[in-house]
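Novice: Have a look at the structure that comes next, please.
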Amino acid sequence: MRKLNRKGFTLIELLAVIIILAILMTLAITAMSGYIRGARRDTFVTTAQQYANAVRLSFVNGDYAADKMPSYGECLAVSTNTVALESGSHESPFSSAYSDESFVIIYNNAASGDASYQYYVQMTDDANNGFGVLNENGLDGDLVEEQVATAEGNYQTISTMTEGTSTINLYNATSNNTYEQLENAEGNPVSCTVSGIIQ
C-alpha cells in the first residue's frame, strides 16, 4: 500500500505569510489615508471657492444693502451661513459643520475711478479644520490646516468686529502651503476697514 504525503505548511511558513500580509495591509492603509486626507482638503477648498462665487454673484446682482458697500480700502464680510449652495449641505468634508467664522470678504482696492474688487475667504469648521483669510485665487488644499486653523496667523474673529472701525488683515498664498500678508506698493501690510458684516 502506498503511503500518502501529508506534508503541509510549517508554523514558521504560516507566520511568515501572515507577517508579509500585515506589512502590505499597513502600507495600503497608510497610502489610502493620505489620499483621503488630500481629497478632503481639496473638497474643502472647492467648497470655499463655490461660496466665493455665490457671494460674487449676489454682490454683482445688488443683493446687499447700499450702505454696506465697501469704498476704497474697505471690505464687506459675508458669512457663509447666509449663502445657499446647490449642494444644500453646510457640513465640511471633515464631517463637521462650518463655523460662524467662515466668511467671504469683498475688498475694494481701487484708489480712483471704477471700483475694483478682490475676494478673500476664511473657512473653518467646528472641528477647527480650515484656513484663515486668504485670497480666493491662491487657495490650495495644502493650505487647509487640520484641527489647528484658529491658531494660524491669518485667522481672524470676524463675527464680533465693529463696522466702520475694525480691520481685516489680507493675505495671499505664496505657494501651495505658505502665505504672507498682502503689501501695498510701499511694502506696508494691507488691511481693510470693515464697511459691513452680513451674518
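Chain labels follow the order of the C-alpha cells: the first chain is A, the next B, and so on; residue numbering restarts at 1 in every chain, and ligands are counted from 1 in their shown order.
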Identify all residues of stretch 49-107 of chain A in helix (DSSP H, G or I) (DSSP on the backbone) and supply them as an mmCIF file with N, CA, C and O atoms, in the first residue's frame.
Specialist:
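Generated file (states_12.cif):
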data_model
loop_
_atom_site.group_PDB
_atom_site.id
_atom_site.type_symbol
_atom_site.label_atom_id
_atom_site.label_comp_id
_atom_site.auth_asym_id
_atom_site.auth_seq_id
_atom_site.Cartn_x
_atom_site.Cartn_y
_atom_site.Cartn_z
ATOM 1 N N GLN A 49 -14.398 78.049 -2.718
ATOM 2 C CA GLN A 49 -14.496 78.764 -3.990
ATOM 3 C C GLN A 49 -15.942 78.875 -4.464
ATOM 4 O O GLN A 49 -16.338 79.892 -5.047
ATOM 5 N N GLN A 50 -16.753 77.865 -4.173
ATOM 6 C CA GLN A 50 -18.176 77.936 -4.518
ATOM 7 C C GLN A 50 -18.866 79.038 -3.713
ATOM 8 O O GLN A 50 -19.689 79.788 -4.254
ATOM 9 N N TYR A 51 -18.527 79.142 -2.437
ATOM 10 C CA TYR A 51 -19.083 80.226 -1.621
ATOM 11 C C TYR A 51 -18.657 81.587 -2.167
ATOM 12 O O TYR A 51 -19.471 82.515 -2.258
ATOM 13 N N ALA A 52 -17.386 81.719 -2.540
ATOM 14 C CA ALA A 52 -16.898 82.993 -3.090
ATOM 15 C C ALA A 52 -17.652 83.346 -4.370
ATOM 16 O O ALA A 52 -18.046 84.501 -4.570
ATOM 17 N N ASN A 53 -17.873 82.369 -5.234
ATOM 18 C CA ASN A 53 -18.598 82.623 -6.482
ATOM 19 C C ASN A 53 -20.051 83.009 -6.222
ATOM 20 O O ASN A 53 -20.600 83.886 -6.896
ATOM 21 N N ALA A 54 -20.676 82.360 -5.237
ATOM 22 C CA ALA A 54 -22.063 82.688 -4.907
ATOM 23 C C ALA A 54 -22.169 84.108 -4.354
ATOM 24 O O ALA A 54 -23.091 84.856 -4.708
ATOM 25 N N VAL A 55 -21.215 84.495 -3.508
ATOM 26 C CA VAL A 55 -21.213 85.861 -2.962
ATOM 27 C C VAL A 55 -20.946 86.868 -4.076
ATOM 28 O O VAL A 55 -21.576 87.936 -4.132
ATOM 29 N N ARG A 56 -20.036 86.551 -4.983
ATOM 30 C CA ARG A 56 -19.748 87.446 -6.110
ATOM 31 C C ARG A 56 -21.009 87.690 -6.940
ATOM 32 O O ARG A 56 -21.308 88.831 -7.315
ATOM 33 N N LEU A 57 -21.750 86.634 -7.204
ATOM 34 C CA LEU A 57 -22.982 86.756 -7.985
ATOM 35 C C LEU A 57 -24.008 87.635 -7.259
ATOM 36 O O LEU A 57 -24.623 88.520 -7.862
ATOM 37 N N SER A 58 -24.171 87.415 -5.959
ATOM 38 C CA SER A 58 -25.110 88.235 -5.185
ATOM 39 C C SER A 58 -24.670 89.689 -5.145
ATOM 40 O O SER A 58 -25.487 90.611 -5.237
ATOM 41 N N PHE A 59 -23.364 89.907 -5.025
ATOM 42 C CA PHE A 59 -22.819 91.263 -4.974
ATOM 43 C C PHE A 59 -23.067 91.993 -6.288
ATOM 44 O O PHE A 59 -23.530 93.132 -6.311
ATOM 45 N N VAL A 60 -22.794 91.318 -7.390
ATOM 46 C CA VAL A 60 -22.993 91.915 -8.718
ATOM 47 C C VAL A 60 -24.471 92.191 -8.964
ATOM 48 O O VAL A 60 -24.841 93.194 -9.592
ATOM 49 N N ALA A 66 -26.988 99.019 0.065
ATOM 50 C CA ALA A 66 -26.070 100.027 -0.478
ATOM 51 C C ALA A 66 -25.191 100.649 0.598
ATOM 52 O O ALA A 66 -24.031 100.981 0.340
ATOM 53 N N ASP A 67 -25.709 100.785 1.818
ATOM 54 C CA ASP A 67 -24.918 101.424 2.874
ATOM 55 C C ASP A 67 -23.787 100.535 3.395
ATOM 56 O O ASP A 67 -22.932 100.982 4.141
ATOM 57 N N LYS A 68 -23.786 99.273 2.981
ATOM 58 C CA LYS A 68 -22.708 98.370 3.392
ATOM 59 C C LYS A 68 -21.648 98.185 2.312
ATOM 60 O O LYS A 68 -20.633 97.529 2.530
ATOM 61 N N THR A 80 -20.793 82.754 5.426
ATOM 62 C CA THR A 80 -21.240 81.647 4.575
ATOM 63 C C THR A 80 -22.578 81.091 5.052
ATOM 64 O O THR A 80 -23.263 80.403 4.302
ATOM 65 N N ASN A 81 -22.960 81.410 6.297
ATOM 66 C CA ASN A 81 -24.273 80.972 6.803
ATOM 67 C C ASN A 81 -25.422 81.606 6.027
ATOM 68 O O ASN A 81 -26.538 81.104 6.051
ATOM 69 N N THR A 82 -25.142 82.739 5.357
ATOM 70 C CA THR A 82 -26.192 83.437 4.608
ATOM 71 C C THR A 82 -26.224 83.021 3.142
ATOM 72 O O THR A 82 -27.046 83.529 2.376
#
Novice: Taking 3 positions as the minimum chain separation for residues in the same chain, which residues sit within 7 Å of A:Leu170 when counting only C-alpha atoms? Answer as a list of chain:residue names.
Specialist: A:Val133, A:Leu134, A:Gln181, A:Leu182, A:Val190, A:Ser191
Novice: What would the file look like if the residues just selected were written as a PDB file, in the first residue's frame with all heavy atoms?
Specialist:
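Contents of the output file out_31.pdb:
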ATOM      1  N   VAL A 133      -7.953  84.065   6.593  1.00  0.00           N
ATOM      2  CA  VAL A 133      -8.235  84.931   5.445  1.00  0.00           C
ATOM      3  C   VAL A 133      -7.169  84.762   4.368  1.00  0.00           C
ATOM      4  O   VAL A 133      -5.985  85.001   4.599  1.00  0.00           O
ATOM      5  CB  VAL A 133      -8.307  86.406   5.888  1.00  0.00           C
ATOM      6  CG1 VAL A 133      -8.487  87.322   4.683  1.00  0.00           C
ATOM      7  CG2 VAL A 133      -9.429  86.612   6.887  1.00  0.00           C
ATOM      8  N   LEU A 134      -7.609  84.325   3.178  1.00  0.00           N
ATOM      9  CA  LEU A 134      -6.716  84.143   2.034  1.00  0.00           C
ATOM     10  C   LEU A 134      -7.414  84.575   0.753  1.00  0.00           C
ATOM     11  O   LEU A 134      -8.629  84.418   0.616  1.00  0.00           O
ATOM     12  CB  LEU A 134      -6.304  82.675   1.891  1.00  0.00           C
ATOM     13  CG  LEU A 134      -5.288  82.135   2.902  1.00  0.00           C
ATOM     14  CD1 LEU A 134      -5.185  80.623   2.793  1.00  0.00           C
ATOM     15  CD2 LEU A 134      -3.928  82.778   2.675  1.00  0.00           C
ATOM     16  N   GLN A 181       1.124  88.280   4.419  1.00  0.00           N
ATOM     17  CA  GLN A 181       0.174  89.385   4.391  1.00  0.00           C
ATOM     18  C   GLN A 181       0.380  90.213   3.127  1.00  0.00           C
ATOM     19  O   GLN A 181       1.501  90.450   2.689  1.00  0.00           O
ATOM     20  CB  GLN A 181       0.320  90.271   5.631  1.00  0.00           C
ATOM     21  CG  GLN A 181      -0.804  91.299   5.726  1.00  0.00           C
ATOM     22  CD  GLN A 181      -0.926  91.924   7.099  1.00  0.00           C
ATOM     23  OE1 GLN A 181      -0.190  91.586   8.016  1.00  0.00           O
ATOM     24  NE2 GLN A 181      -1.858  92.845   7.248  1.00  0.00           N
ATOM     25  N   LEU A 182      -0.738  90.622   2.541  1.00  0.00           N
ATOM     26  CA  LEU A 182      -0.728  91.457   1.351  1.00  0.00           C
ATOM     27  C   LEU A 182      -0.019  92.771   1.668  1.00  0.00           C
ATOM     28  O   LEU A 182      -0.197  93.336   2.747  1.00  0.00           O
ATOM     29  CB  LEU A 182      -2.171  91.713   0.904  1.00  0.00           C
ATOM     30  CG  LEU A 182      -2.391  92.540  -0.353  1.00  0.00           C
ATOM     31  CD1 LEU A 182      -1.883  91.803  -1.580  1.00  0.00           C
ATOM     32  CD2 LEU A 182      -3.877  92.844  -0.519  1.00  0.00           C
ATOM     33  N   VAL A 190      -1.319  95.321   4.170  1.00  0.00           N
ATOM     34  CA  VAL A 190      -2.627  95.834   3.784  1.00  0.00           C
ATOM     35  C   VAL A 190      -3.709  95.228   4.664  1.00  0.00           C
ATOM     36  O   VAL A 190      -3.751  94.027   4.885  1.00  0.00           O
ATOM     37  CB  VAL A 190      -2.941  95.497   2.303  1.00  0.00           C
ATOM     38  CG1 VAL A 190      -4.369  95.887   1.943  1.00  0.00           C
ATOM     39  CG2 VAL A 190      -1.951  96.211   1.393  1.00  0.00           C
ATOM     40  N   SER A 191      -4.559  96.115   5.167  1.00  0.00           N
ATOM     41  CA  SER A 191      -5.758  95.672   5.872  1.00  0.00           C
ATOM     42  C   SER A 191      -6.905  96.547   5.391  1.00  0.00           C
ATOM     43  O   SER A 191      -6.686  97.634   4.865  1.00  0.00           O
ATOM     44  CB  SER A 191      -5.607  95.776   7.388  1.00  0.00           C
ATOM     45  OG  SER A 191      -5.357  97.124   7.756  1.00  0.00           O
TER      46      SER A 191
END
Novice: Out of A:Cys192, A:Val121, A:Val78, A:Val144, which residue has the shortest atom-to-atom distance to A:Tyr64 when counting only C-alpha atoms?
Specialist: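 The closest residue to A:Tyr64 is A:Val78.
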Novice: Could you jot down the atom CA of A:Tyr107 to atom CA of A:Thr165 separation for me, Å, one decimal place?
Specialist: 15.2 Å
Novice: Could you tell me, as a list of chain:residue names, which residues of stretch 125-181 of chain A DSSP assigns to strand (DSSP E or B) when given the backbone?
Specialist: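 Everything in stretch 125-181 of chain A that counts as strand (DSSP E or B) is A:Asp125, A:Gly130, A:Phe131, A:Gly132, A:Val133, A:Leu134, A:Asn135, A:Glu145, A:Thr167, A:Ile168, A:Asn169, A:Tyr171, A:Asn172, A:Ala173, A:Tyr179, A:Glu180, A:Gln181.
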Novice: Would you output that residue set with N, CA and C atoms, as a PDB file, in the first residue's frame?
Specialist:
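So again-v8.pdb came out as:
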ATOM      1  N   ASP A 125     -14.271  74.911  10.196  1.00  0.00           N
ATOM      2  CA  ASP A 125     -15.417  74.152  10.682  1.00  0.00           C
ATOM      3  C   ASP A 125     -15.325  74.010  12.198  1.00  0.00           C
ATOM      4  N   GLY A 130      -9.485  74.036   8.519  1.00  0.00           N
ATOM      5  CA  GLY A 130      -9.717  75.114   7.583  1.00  0.00           C
ATOM      6  C   GLY A 130      -8.532  76.033   7.408  1.00  0.00           C
ATOM      7  N   PHE A 131      -8.820  77.305   7.096  1.00  0.00           N
ATOM      8  CA  PHE A 131      -7.769  78.292   6.866  1.00  0.00           C
ATOM      9  C   PHE A 131      -8.297  79.678   7.195  1.00  0.00           C
ATOM     10  N   GLY A 132      -7.364  80.590   7.516  1.00  0.00           N
ATOM     11  CA  GLY A 132      -7.720  81.977   7.787  1.00  0.00           C
ATOM     12  C   GLY A 132      -7.896  82.746   6.493  1.00  0.00           C
ATOM     13  N   VAL A 133      -7.953  84.065   6.593  1.00  0.00           N
ATOM     14  CA  VAL A 133      -8.235  84.931   5.445  1.00  0.00           C
ATOM     15  C   VAL A 133      -7.169  84.762   4.368  1.00  0.00           C
ATOM     16  N   LEU A 134      -7.609  84.325   3.178  1.00  0.00           N
ATOM     17  CA  LEU A 134      -6.716  84.143   2.034  1.00  0.00           C
ATOM     18  C   LEU A 134      -7.414  84.575   0.753  1.00  0.00           C
ATOM     19  N   ASN A 135      -6.639  85.112  -0.185  1.00  0.00           N
ATOM     20  CA  ASN A 135      -7.175  85.483  -1.490  1.00  0.00           C
ATOM     21  C   ASN A 135      -7.714  84.233  -2.178  1.00  0.00           C
ATOM     22  N   GLU A 145      -5.545  73.638   7.149  1.00  0.00           N
ATOM     23  CA  GLU A 145      -4.963  73.122   8.388  1.00  0.00           C
ATOM     24  C   GLU A 145      -5.976  72.219   9.073  1.00  0.00           C
ATOM     25  N   THR A 167     -10.693  96.257  11.465  1.00  0.00           N
ATOM     26  CA  THR A 167      -9.990  95.988  10.214  1.00  0.00           C
ATOM     27  C   THR A 167      -9.721  94.491  10.063  1.00  0.00           C
ATOM     28  N   ILE A 168      -9.652  94.055   8.812  1.00  0.00           N
ATOM     29  CA  ILE A 168      -9.318  92.664   8.478  1.00  0.00           C
ATOM     30  C   ILE A 168      -7.989  92.688   7.731  1.00  0.00           C
ATOM     31  N   ASN A 169      -7.023  91.913   8.206  1.00  0.00           N
ATOM     32  CA  ASN A 169      -5.735  91.789   7.525  1.00  0.00           C
ATOM     33  C   ASN A 169      -5.895  90.825   6.356  1.00  0.00           C
ATOM     34  N   TYR A 171      -4.355  88.377   3.268  1.00  0.00           N
ATOM     35  CA  TYR A 171      -3.206  87.507   2.999  1.00  0.00           C
ATOM     36  C   TYR A 171      -3.312  86.877   1.611  1.00  0.00           C
ATOM     37  N   ASN A 172      -2.152  86.667   1.000  1.00  0.00           N
ATOM     38  CA  ASN A 172      -2.051  85.966  -0.271  1.00  0.00           C
ATOM     39  C   ASN A 172      -1.239  84.696  -0.078  1.00  0.00           C
ATOM     40  N   ALA A 173      -1.598  83.654  -0.797  1.00  0.00           N
ATOM     41  CA  ALA A 173      -0.785  82.441  -0.773  1.00  0.00           C
ATOM     42  C   ALA A 173       0.463  82.693  -1.609  1.00  0.00           C
ATOM     43  N   TYR A 179       1.788  81.363   3.029  1.00  0.00           N
ATOM     44  CA  TYR A 179       1.102  82.609   2.701  1.00  0.00           C
ATOM     45  C   TYR A 179       1.792  83.755   3.426  1.00  0.00           C
ATOM     46  N   GLU A 180       1.485  84.976   2.984  1.00  0.00           N
ATOM     47  CA  GLU A 180       2.018  86.158   3.654  1.00  0.00           C
ATOM     48  C   GLU A 180       1.008  87.285   3.523  1.00  0.00           C
ATOM     49  N   GLN A 181       1.124  88.280   4.419  1.00  0.00           N
ATOM     50  CA  GLN A 181       0.174  89.385   4.391  1.00  0.00           C
ATOM     51  C   GLN A 181       0.380  90.213   3.127  1.00  0.00           C
TER      52      GLN A 181
END
Novice: Considering only C-alpha atoms, return as a list in words whatever protein or nucleic-acid residues lie within 6 Å of A:Tyr119, sequence-local ones (same chain, fewer than 4 positions apart) excluded.
Specialist: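 In the requested format, the answer is Ile105, Ile106 and Glu136 of chain A.
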Novice: Which distance in Å separates atom CA of A:Gly153 and atom CA of A:Val83, to one decimal?
Specialist: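 One can read the atom CA of A:Gly153 to atom CA of A:Val83 distance as 25.9 Å.
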Novice: Could you please determine the separation between atom CA of A:Glu146 and atom CA of A:Thr43 in Å, to one decimal place?
Specialist: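 Taking atom CA of A:Glu146 and atom CA of A:Thr43, their separation equals 13.5 Å.
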Novice: So that I can check the surroundings of A:Ser175, please list as a VMD selection string every protein, DNA and RNA residue that reaches within 10 Å of it, counting only C-alpha atoms and ignoring chain neighbours fewer than 4 positions away.
Specialist: chain A and resid 138 to 140 142 to 143 179 to 180
Novice: I'd like to know which of A:Glu186, A:Glu91, A:Asp63, A:Glu152 is closest to A:Arg40, using only C-alpha atoms.
Specialist: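 Checking each of A:Glu186, A:Glu91, A:Asp63, A:Glu152 against A:Arg40, counting only C-alpha atoms, the winner is A:Glu91.
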Novice: So that I can check the surroundings of A:Ser99, please list as a ChimeraX atom specification every protein, DNA and RNA residue that reaches within 8 Å of it, counting only C-alpha atoms and ignoring chain neighbours fewer than 6 positions away.
Specialist: /A:123-126
Novice: Those selected residues, please, written with N, CA, C and O atoms and delivered as a short mmCIF file (atom, residue, chain, number, x, y, z; two decimals), in the first residue's frame.
Specialist:
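Once everything was written out, this is part33.cif:
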data_model
loop_
_atom_site.label_atom_id
_atom_site.label_comp_id
_atom_site.auth_asym_id
_atom_site.auth_seq_id
_atom_site.Cartn_x
_atom_site.Cartn_y
_atom_site.Cartn_z
N MET A 123 -12.41 80.07 5.89
CA MET A 123 -13.31 78.94 6.10
C MET A 123 -12.77 78.05 7.21
O MET A 123 -11.63 77.60 7.15
N THR A 124 -13.57 77.82 8.20
CA THR A 124 -13.23 76.87 9.26
C THR A 124 -14.48 76.08 9.61
O THR A 124 -15.60 76.52 9.35
N ASP A 125 -14.27 74.91 10.20
CA ASP A 125 -15.42 74.15 10.68
C ASP A 125 -15.33 74.01 12.20
O ASP A 125 -14.37 74.47 12.82
N ASP A 126 -16.34 73.40 12.79
CA ASP A 126 -16.39 73.31 14.25
C ASP A 126 -15.32 72.40 14.84
O ASP A 126 -15.09 72.41 16.05
#
